[in-house]
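Containing compact mmCIF, C-alpha atoms: entry.txt.
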# COMPACT_ATOMS: atom_id res chain seq x y z
CA MET A 4 0.00 0.00 0.00
CA LYS A 5 2.80 2.38 1.00
CA PHE A 6 4.69 1.55 -2.22
CA LYS A 7 1.59 2.17 -4.35
CA LEU A 8 0.97 5.49 -2.65
CA THR A 9 4.60 6.53 -3.17
CA LEU A 10 4.37 5.54 -6.82
CA ILE A 11 1.23 7.60 -7.35
CA VAL A 12 2.73 10.63 -5.60
CA ALA A 13 5.94 10.28 -7.65
CA LEU A 14 4.02 10.02 -10.89
CA VAL A 15 1.96 13.10 -10.12
CA ALA A 16 4.98 15.05 -9.00
CA PHE A 17 7.44 14.17 -11.72
CA SER A 18 5.26 14.62 -14.74
CA PHE A 19 4.08 18.18 -14.98
CA SER A 20 3.20 17.86 -18.65
CA GLN A 21 -0.15 16.16 -18.46
CA ALA A 22 -2.94 17.61 -20.58
CA GLN A 23 -3.79 20.74 -18.63
CA ASP A 24 -6.20 23.38 -19.75
CA ASN A 25 -4.79 26.74 -20.52
CA LYS A 26 -5.23 28.94 -17.48
CA ALA A 27 -2.15 31.07 -18.09
CA PHE A 28 -2.95 33.32 -21.04
CA LYS A 29 -5.78 34.62 -23.17
CA ALA A 30 -6.21 36.53 -26.39
CA GLY A 31 -4.98 40.10 -26.15
CA GLU A 32 -1.85 39.42 -24.14
CA LYS A 33 1.20 41.39 -25.20
CA LEU A 34 4.68 40.80 -23.82
CA THR A 35 7.62 42.93 -24.91
CA PHE A 36 11.24 41.95 -24.34
CA ALA A 37 14.66 43.42 -24.98
CA ALA A 38 17.20 40.98 -26.38
CA SER A 39 20.78 41.75 -25.42
CA TYR A 40 24.17 40.38 -26.25
CA ASN A 41 26.57 39.89 -23.39
CA MET A 42 30.29 39.92 -23.98
CA SER A 43 32.73 40.12 -21.07
CA GLY A 44 29.93 41.32 -18.81
CA ILE A 45 28.96 44.22 -21.07
CA LEU A 46 25.35 44.06 -22.18
CA THR A 47 24.28 45.56 -25.49
CA ASP A 48 20.61 45.73 -26.40
CA ILE A 49 20.22 44.39 -29.92
CA ALA A 50 16.59 43.70 -30.65
CA GLU A 51 13.05 43.93 -29.44
CA VAL A 52 11.08 40.70 -29.13
CA LYS A 53 7.32 40.73 -28.88
CA MET A 54 4.99 37.90 -27.94
CA GLU A 55 1.36 38.57 -28.70
CA THR A 56 -1.83 36.56 -28.59
CA SER A 57 -5.05 37.22 -30.44
CA GLU A 58 -8.20 35.40 -31.35
CA MET A 59 -8.86 34.15 -34.86
CA LYS A 60 -12.31 33.03 -35.87
CA THR A 61 -12.96 30.82 -38.85
CA SER A 62 -16.41 29.69 -39.94
CA SER A 63 -16.12 26.54 -37.86
CA ALA A 64 -13.66 27.24 -35.05
CA THR A 65 -12.10 29.84 -32.80
CA LEU A 66 -8.35 29.63 -32.60
CA LEU A 67 -5.70 31.39 -30.61
CA HIS A 68 -3.07 33.14 -32.70
CA LEU A 69 0.32 33.14 -30.98
CA LYS A 70 2.73 35.54 -32.60
CA CYS A 71 6.37 36.25 -31.84
CA THR A 72 8.32 38.93 -33.67
CA ALA A 73 11.95 39.97 -33.42
CA THR A 74 13.08 43.37 -34.68
CA THR A 75 16.55 44.84 -34.40
CA TYR A 76 16.92 48.34 -32.99
CA SER A 77 17.37 51.04 -35.62
CA ASP A 78 21.12 51.52 -35.02
CA PHE A 79 21.71 47.84 -35.87
CA ASP A 80 19.52 47.88 -39.00
CA SER A 81 22.30 49.12 -41.30
CA TYR A 82 24.66 46.36 -40.09
CA PHE A 83 22.46 43.34 -39.49
CA LYS A 84 18.75 43.87 -39.95
CA ILE A 85 16.44 41.30 -38.40
CA ARG A 86 12.72 41.12 -39.08
CA ASP A 87 11.54 37.71 -37.88
CA LEU A 88 8.03 36.41 -37.57
CA TYR A 89 7.13 33.20 -35.77
CA GLU A 90 3.46 32.36 -35.38
CA SER A 91 1.27 29.47 -34.48
CA TYR A 92 -2.49 28.96 -34.60
CA VAL A 93 -3.51 26.79 -31.69
CA ASN A 94 -6.45 25.32 -29.84
CA PRO A 95 -7.19 27.92 -27.12
CA ARG A 96 -7.78 25.23 -24.51
CA THR A 97 -5.05 22.64 -25.13
CA VAL A 98 -2.53 24.79 -27.12
CA THR A 99 -2.41 22.09 -29.81
CA PRO A 100 -1.03 23.70 -32.98
CA TYR A 101 -2.80 23.59 -36.35
CA LEU A 102 -0.73 25.93 -38.44
CA TYR A 103 2.74 27.34 -37.97
CA ASN A 104 4.55 30.03 -39.93
CA ARG A 105 8.14 31.09 -39.56
CA GLU A 106 9.39 33.86 -41.77
CA ILE A 107 12.89 35.07 -41.10
CA ASN A 108 14.73 38.00 -42.62
CA GLU A 109 18.15 38.14 -41.02
CA GLY A 110 20.86 40.29 -42.57
CA GLY A 111 19.69 39.49 -46.11
CA TYR A 112 19.00 35.81 -45.42
CA TYR A 113 15.39 34.86 -46.03
CA LYS A 114 13.51 31.70 -45.12
CA PHE A 115 9.85 30.86 -44.86
CA VAL A 116 8.64 27.69 -43.16
CA LYS A 117 5.01 26.63 -42.96
CA TYR A 118 3.64 23.58 -41.15
CA LYS A 119 0.05 22.48 -41.48
CA TYR A 120 -0.73 19.82 -38.91
CA ASN A 121 -2.86 16.78 -39.56
CA HIS A 122 -3.20 15.39 -36.04
CA LYS A 123 -5.38 12.47 -37.13
CA ALA A 124 -2.73 11.10 -39.47
CA ASN A 125 0.19 12.37 -37.35
CA LEU A 126 1.50 14.21 -40.36
CA VAL A 127 2.73 17.71 -41.04
CA GLU A 128 2.51 19.25 -44.48
CA SER A 129 5.68 21.26 -44.62
CA LEU A 130 6.71 24.05 -46.96
CA ILE A 131 10.19 25.52 -46.85
CA ARG A 132 10.79 28.55 -49.09
CA LYS A 133 14.15 30.11 -49.73
CA LYS A 134 15.42 32.84 -52.02
CA THR A 135 17.27 31.79 -55.17
CA ASN A 136 18.42 33.30 -58.46
CA LYS A 137 17.69 30.08 -60.35
CA THR A 138 13.91 30.41 -60.62
CA LYS A 139 11.73 33.08 -62.23
CA THR A 140 9.83 33.84 -59.04
CA GLY A 141 13.06 34.25 -57.11
CA PHE A 142 11.99 31.61 -54.61
CA TRP A 143 12.65 27.93 -54.25
CA ASP A 144 9.92 25.85 -52.62
CA GLN A 145 10.39 22.52 -50.95
CA ASN A 146 7.21 20.61 -50.05
CA ASN A 147 7.32 17.63 -47.71
CA ASN A 148 5.14 15.47 -45.55
CA VAL A 149 6.78 14.94 -42.18
CA LYS A 150 5.70 12.12 -39.89
CA ILE A 151 5.32 13.32 -36.33
CA ASN A 152 4.35 11.75 -33.05
CA GLY A 153 1.29 12.75 -31.05
CA ASN A 154 2.94 15.41 -28.91
CA THR A 155 5.04 17.12 -31.52
CA ARG A 156 4.69 20.89 -31.56
CA ASP A 157 6.38 23.87 -33.12
CA ILE A 158 8.65 26.17 -31.14
CA VAL A 159 6.03 28.89 -30.54
CA SER A 160 3.31 26.61 -29.21
CA THR A 161 5.92 24.81 -27.04
CA ILE A 162 6.90 28.08 -25.34
CA TYR A 163 3.25 28.82 -24.61
CA LYS A 164 2.53 25.20 -23.62
CA ILE A 165 5.16 25.38 -20.88
CA ARG A 166 3.15 28.20 -19.35
CA THR A 167 0.11 25.97 -19.01
CA LEU A 168 1.93 23.31 -16.98
CA ASP A 169 1.28 22.84 -13.29
CA ILE A 170 4.81 23.73 -12.28
CA ASN A 171 3.63 24.56 -8.75
CA LYS A 172 3.01 20.84 -8.19
CA ALA A 173 6.47 19.81 -9.41
CA PRO A 174 9.35 19.40 -6.95
CA ILE A 175 12.76 21.02 -7.50
CA GLY A 176 14.70 18.85 -9.93
CA ALA A 177 11.65 17.65 -11.84
CA SER A 178 12.04 17.67 -15.58
CA ASP A 179 9.97 17.27 -18.66
CA SER A 180 10.63 17.10 -22.35
CA PHE A 181 8.86 18.19 -25.52
CA THR A 182 9.32 17.17 -29.11
CA VAL A 183 9.67 20.21 -31.30
CA LEU A 184 9.57 20.20 -35.08
CA PHE A 185 12.18 22.64 -36.31
CA ASP A 186 13.41 22.77 -39.92
CA ASN A 187 11.55 19.49 -40.56
CA LYS A 188 13.58 17.75 -37.85
CA MET A 189 12.17 16.51 -34.59
CA THR A 190 14.18 17.88 -31.69
CA LYS A 191 13.81 16.95 -28.06
CA ILE A 192 13.83 19.90 -25.70
CA SER A 193 14.05 19.23 -21.97
CA PHE A 194 13.13 21.55 -19.13
CA THR A 195 14.30 21.06 -15.57
CA LEU A 196 12.98 22.98 -12.60
CA LEU A 197 16.13 24.21 -10.86
CA ALA A 198 14.79 26.49 -8.17
CA LYS A 199 12.25 29.03 -7.11
CA GLU A 200 13.76 32.48 -6.76
CA THR A 201 12.78 36.12 -6.60
CA ILE A 202 14.18 38.43 -9.25
CA ASN A 203 13.82 42.11 -10.11
CA THR A 204 12.18 42.79 -13.45
CA ALA A 205 10.79 45.80 -15.31
CA ILE A 206 7.31 44.70 -14.22
CA GLY A 207 8.29 44.47 -10.58
CA LYS A 208 9.90 42.08 -8.14
CA LYS A 209 8.66 38.62 -9.06
CA GLU A 210 8.91 35.20 -7.52
CA CYS A 211 9.89 32.90 -10.38
CA TYR A 212 10.42 29.31 -11.39
CA LYS A 213 13.95 28.92 -12.69
CA LEU A 214 14.02 26.38 -15.50
CA ALA A 215 17.04 24.95 -17.31
CA ILE A 216 16.57 24.25 -21.01
CA SER A 217 18.57 21.68 -22.91
CA VAL A 218 18.28 20.74 -26.55
CA ALA A 219 19.29 17.21 -27.54
CA GLY A 220 21.93 17.09 -30.28
CA ASN A 221 22.03 20.84 -30.76
CA ASN A 222 25.22 22.80 -31.12
CA PHE A 223 23.69 26.25 -31.06
CA LEU A 224 22.89 26.40 -27.39
CA LYS A 225 26.03 25.63 -25.42
CA GLY A 226 26.83 24.65 -21.88
CA ASN A 227 25.24 22.68 -19.11
CA ASN A 228 22.45 24.53 -17.29
CA ALA A 229 23.60 27.65 -19.13
CA ASN A 230 20.30 28.17 -20.89
CA LEU A 231 17.83 29.34 -18.33
CA LEU A 232 14.29 30.59 -18.28
CA TRP A 233 12.49 32.35 -15.44
CA LEU A 234 8.70 32.07 -15.37
CA THR A 235 6.70 34.00 -12.80
CA ALA A 236 5.46 31.69 -10.05
CA ASP A 237 1.86 32.86 -10.40
CA ASP A 238 -1.04 31.72 -12.58
CA ASN A 239 0.19 33.71 -15.60
CA LYS A 240 3.66 32.09 -15.65
CA ILE A 241 5.05 34.97 -17.70
CA PRO A 242 8.54 34.42 -19.09
CA VAL A 243 10.29 37.41 -17.54
CA TYR A 244 13.92 36.60 -18.08
CA ALA A 245 15.95 34.16 -20.17
CA LYS A 246 19.67 33.56 -20.42
CA PHE A 247 21.30 31.54 -23.16
CA LYS A 248 24.87 30.70 -23.98
CA ILE A 249 26.01 30.73 -27.59
CA ALA A 250 29.35 30.04 -29.31
CA VAL A 251 30.74 33.53 -28.63
CA GLY A 252 29.38 35.24 -25.53
CA SER A 253 25.86 34.88 -24.26
CA GLY A 254 22.47 36.40 -24.73
CA GLU A 255 19.72 37.65 -22.49
CA LEU A 256 16.04 38.32 -22.89
CA LYS A 257 14.48 40.72 -20.37
CA ILE A 258 10.85 41.67 -20.12
CA LYS A 259 10.02 45.34 -20.70
CA SER A 260 6.24 45.29 -20.44
CA ALA A 261 3.34 42.89 -20.05
CA THR A 262 -0.26 43.77 -20.82
CA GLY A 263 -3.53 41.88 -21.30
CA LEU A 264 -2.69 39.21 -18.74
CA LYS A 265 -5.28 36.59 -17.94
CA ASN A 266 -4.92 36.57 -14.15
CA MET B 7 59.03 46.99 -23.46
CA ARG B 8 58.34 50.68 -24.15
CA LYS B 9 57.92 50.05 -27.87
CA ILE B 10 55.62 47.06 -27.37
CA SER B 11 53.50 49.05 -24.92
CA ILE B 12 53.19 51.92 -27.41
CA ILE B 13 52.23 49.56 -30.26
CA LEU B 14 49.67 47.70 -28.15
CA GLY B 15 48.35 51.00 -26.79
CA LEU B 16 47.90 52.34 -30.32
CA ILE B 17 46.17 49.14 -31.51
CA PHE B 18 43.73 49.13 -28.59
CA ALA B 19 43.09 52.88 -28.92
CA VAL B 20 42.22 52.54 -32.63
CA LEU B 21 40.04 49.50 -31.86
CA ALA B 22 38.24 51.49 -29.15
CA VAL B 23 37.51 54.34 -31.60
CA ILE B 24 36.21 51.91 -34.24
CA LEU B 25 33.95 50.14 -31.72
CA SER B 26 32.70 53.42 -30.26
CA VAL B 27 31.19 54.48 -33.59
CA LEU B 28 29.50 51.10 -34.14
CA PRO B 29 26.24 50.00 -32.47
CA LEU B 30 28.29 47.76 -30.16
CA TYR B 31 29.84 50.92 -28.69
CA LYS B 32 29.65 49.61 -25.12
CA LEU B 33 32.34 47.06 -26.01
CA SER B 34 34.78 49.91 -26.73
CA PHE B 35 35.32 50.37 -22.98
CA ILE B 36 37.39 47.16 -22.88
CA PRO B 37 40.05 48.16 -25.49
CA ALA B 38 39.95 51.75 -24.17
CA ILE B 39 40.95 50.64 -20.66
CA LEU B 40 43.67 48.41 -22.12
CA ALA B 41 44.94 51.29 -24.27
CA LEU B 42 45.10 53.55 -21.21
CA ALA B 43 46.98 50.87 -19.25
CA PHE B 44 49.55 50.32 -22.01
CA GLY B 45 49.81 54.08 -22.56
CA LEU B 46 50.53 54.65 -18.88
CA LEU B 47 53.11 51.86 -18.87
CA ALA B 48 54.85 53.33 -21.92
CA PHE B 49 54.67 56.82 -20.38
CA LEU B 50 56.34 55.69 -17.14
CA LYS B 51 59.07 53.84 -19.08
CA SER B 52 59.68 56.92 -21.25
CA LYS B 53 59.90 59.20 -18.23
CA LYS B 54 62.34 56.85 -16.58
CA ASN B 55 64.60 56.63 -19.65
CA GLN B 56 63.97 60.29 -20.61
CA GLU B 57 62.61 59.40 -24.03
CA PRO B 58 60.00 61.33 -26.10
CA THR B 59 56.30 60.84 -25.24
CA HIS B 60 54.63 62.26 -28.38
CA VAL B 61 53.21 58.95 -29.62
CA ILE B 62 51.95 58.11 -26.13
CA GLN B 63 50.05 61.40 -26.06
CA VAL B 64 48.39 60.36 -29.33
CA VAL B 65 47.36 57.04 -27.70
CA PHE B 66 45.79 58.95 -24.79
CA LEU B 67 44.07 61.40 -27.13
CA ILE B 68 42.50 58.67 -29.30
CA THR B 69 41.42 56.74 -26.18
CA ILE B 70 39.81 59.80 -24.62
CA ILE B 71 37.90 60.46 -27.86
CA ALA B 72 36.66 56.82 -27.88
CA LEU B 73 35.68 56.95 -24.21
CA ALA B 74 33.90 60.29 -24.60
CA LEU B 75 31.93 59.04 -27.60
CA ALA B 76 30.98 55.74 -25.96
CA THR B 77 29.96 57.45 -22.70
CA TYR B 78 27.88 60.04 -24.57
CA LYS B 79 26.10 57.29 -26.55
CA SER B 80 25.53 55.21 -23.39
CA ILE B 81 23.81 58.12 -21.67
CA PHE B 82 21.90 59.80 -24.47
CA SER B 83 21.09 57.21 -27.14
CA VAL B 84 17.54 55.86 -27.00
CA LYS B 85 16.89 52.33 -28.22
CA GLU B 86 14.02 52.19 -30.65
CA VAL B 87 13.01 49.74 -33.32
CA GLY B 88 13.49 50.67 -36.94
CA ASP B 89 10.97 50.60 -39.76
CA THR B 90 8.51 47.74 -39.24
CA LYS B 91 6.09 48.64 -42.02
CA GLU B 92 7.10 45.65 -44.16
CA LEU B 93 6.88 43.29 -41.19
CA LYS B 94 3.39 44.54 -40.35
CA GLN B 95 2.28 44.01 -43.98
CA LEU B 96 3.77 40.54 -43.90
CA GLU B 97 1.97 39.70 -40.66
CA GLN B 98 -1.30 40.85 -42.20
CA GLN B 99 -0.70 38.81 -45.35
CA ARG B 100 0.19 35.66 -43.43
CA GLN B 101 -2.86 36.06 -41.20
CA GLU B 102 -5.17 36.26 -44.22
CA GLU B 103 -3.53 33.18 -45.73
CA ALA B 104 -3.86 31.34 -42.41
CA LYS B 105 -7.55 32.17 -42.20
CA GLU B 106 -8.11 30.65 -45.64
CA GLU B 107 -6.08 27.55 -44.80
CA LEU B 108 -7.86 26.94 -41.49
CA GLU B 109 -11.36 27.67 -42.78
CA ASP B 110 -12.35 24.00 -42.87
CA LEU B 111 -10.75 23.11 -39.56
CA ILE B 112 -12.92 21.38 -37.00
CA ILE B 113 -11.47 21.21 -33.52
CA ILE B 114 -12.14 17.98 -31.67
CA ASP B 115 -10.95 18.23 -28.06
Rendering of file as structure tokens:
Amino acid sequence: MKFKLTLIVALVAFSFSQAQDNKAFKAGEKLTFAASYNMSGILTDIAEVKMETSEMKTSSATLLHLKCTATTYSDFDSYFKIRDLYESYVNPRTVTPYLYNREINEGGYYKFVKYKYNHKANLVESLIRKKTNKTKTGFWDQNNNVKINGNTRDIVSTIYKIRTLDINKAPIGASDSFTVLFDNKMTKISFTLLAKETINTAIGKKECYKLAISVAGNNFLKGNNANLLWLTADDNKIPVYAKFKIAVGSGELKIKSATGLKN
Amino acid sequence: MRKISIILGLIFAVLAVILSVLPLYKLSFIPAILALAFGLLAFLKSKKNQEPTHVIQVVFLITIIALALATYKSIFSVKEVGDTKELKQLEQQRQEEAKEELEDLIIID
């Protein structure tokens, strides 16, 4: 009996990724961040990152539109202009994605990725568009059908999905992983709850969950426990601060403003 | 030692000036401090051996210009996003396309 009880408690505690309803965000939420580059302790603000939610109604359904944009500050535009758009159309309750767009314009490099999910067949219709001089339109399209597993999401819906988890029930050290489809490849991203700490942010002093992010087989994000995410330890679970280590130096993402919060 | 200090001081001073005019101007403080350190070292050596200090003065002058520029930009420059008109149009276009694509979608929870 004691063993069974322990097993049940352990199962509840260690898996904070069960199908929870979304109680963390609603349409109309707008989060603004400043992305900075850190070299030898000197921080330089490079870009503004926005995360917005809105409602999208079709004739048969109401979806939640999750949109993330990254825009370099004007003084960087003449050197390395970034205008990135990442968006996902999801089920407002379960955050299951149905359509994903990623359009990046980074210093002259262009790429457009579109995923249309078919959850019944566990398939994703993928379109990858790049610029080329070899075609009349100036674009080169690559269409594919990618087999996914039941819990595969895109990067945008994964970020929002983390906010819906019952992290308050998880003990320190608990971890969870998500399968993310990125560039037609399935990547496993793991999150570990490291601690609960209070940090100062632009939206006030906040008690936060400190999560470590690790990406399996990825060379972009370096270091062990060097990629960290702080989510507010309230019902909104707003990402207020993120730290990530790259090949040269490190980067930071700090919240500037948060409006339209659900709770 | 004096010559090496002068050369390194000059290199770091020039690097500091270059960085101070770029958007990554905050990074210019690192070479500027190094330039001042090497300049001071070269200056002390020159004084000791009673050698000319003209080049060292140039190192100090360039470094001060770099520091002044970087400090001014740190205090007075306001970070604002550039032109996002194209991005807004793109967002609108993608949203219209998405609406068409998802028109037949039936959500089964």
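Ranking B:Lys9, B:Lys94, B:Lys85, B:His60 by their shortest atom-to-atom distance to chain A, with only C-alpha atoms included, puts B:Lys85 first.
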Within 7 Å of chain A, which residues of chain B are there when counting only C-alpha atoms? Please give them as JSON, numbers by chain.
{"B": [29, 30, 32, 33, 85, 86, 87, 88, 93, 105, 108, 109, 110, 111, 112, 113]}
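Excluding Ala236 (chain A) and any residue on its chain fewer than 2 positions from it, the residues at most 8 Å away by all atoms listed in the file are Asn171, Lys199, Lys209, Glu210, Cys211, Tyr212, Leu234, Asp238, Asn239 and Lys240 of chain A.
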Can you tell me which residues surround Ser260 (chain A) at a distance of at most 8 Å, considering only C-alpha atoms, apart from same-chain residues fewer than 3 positions away, and format the answer as a PyMOL selection string?
chain A and resi 33-36+205-206
Can you pull out the residues contacting region 11-23 of chain B? Cut-off 7 Å, using only C-alpha atoms, and skip same-chain residues under 2 positions away; I want them as a CSV table (one decimal) with C-alpha atoms, keeping the file's coordinate frame.
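File written: part-v5.csv
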chain,number,residue,atom,x,y,z
B,7,MET,CA,59.0,47.0,-23.5
B,8,ARG,CA,58.3,50.7,-24.2
B,9,LYS,CA,57.9,50.0,-27.9
B,25,LEU,CA,34.0,50.1,-31.7
B,26,SER,CA,32.7,53.4,-30.3
B,27,VAL,CA,31.2,54.5,-33.6
B,34,SER,CA,34.8,49.9,-26.7
B,35,PHE,CA,35.3,50.4,-23.0
B,37,PRO,CA,40.0,48.2,-25.5
B,38,ALA,CA,40.0,51.8,-24.2
B,40,LEU,CA,43.7,48.4,-22.1
B,41,ALA,CA,44.9,51.3,-24.3
B,42,LEU,CA,45.1,53.6,-21.2
B,44,PHE,CA,49.6,50.3,-22.0
B,45,GLY,CA,49.8,54.1,-22.6
B,47,LEU,CA,53.1,51.9,-18.9
B,48,ALA,CA,54.8,53.3,-21.9
B,62,ILE,CA,52.0,58.1,-26.1
B,65,VAL,CA,47.4,57.0,-27.7
B,68,ILE,CA,42.5,58.7,-29.3
B,69,THR,CA,41.4,56.7,-26.2
B,72,ALA,CA,36.7,56.8,-27.9
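CA of Ser180 (chain A) to CA of Ile216 (chain A) spans 9.4 Å [interatomic distance, one decimal].
A straight line drawn from CA of Ala261 (chain A) to CA of Glu103 (chain B) is 28.3 Å long.
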Smallest atom-to-atom distance to Leu28 (chain B): which of B:Arg100, B:Lys91, B:Lys51, B:Lys79, using only C-alpha atoms?
B:Lys79
Exercise: residues within 9 Å of coordinate (15.5, 21.2, -29.7), counting all atoms listed in the file, as a list of chain:residue names
A:Ile158, A:Phe181, A:Thr182, A:Val183, A:Leu184, A:Phe185, A:Met189, A:Thr190, A:Lys191, A:Ile192, A:Ser193, A:Ser217, A:Val218, A:Ala219, A:Gly220, A:Asn221
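Using all atoms listed in the file, the contacts of Thr204 (chain A) at a cut-off of 9 Å, with sequence neighbours closer than 3 positions omitted, comprise Gly207, Lys208, Lys209, Val243, Tyr244, Lys257, Ile258 and Lys259 of chain A.
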Work out how far CA of Asn187 (chain A) is from CA of Ser129 (chain A), in Å to one decimal.
7.4 Å
Which residue gives the smallest distance to Ile165 (chain A) among A:Asn266, A:Thr140, A:Thr235, A:Gln145, with only C-alpha atoms counted?
A:Thr235
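Nearest residue to Ile39 (chain B), choosing from B:Leu96, B:Ser80, B:Ala104, B:Phe66 and counting only C-alpha atoms: B:Phe66.
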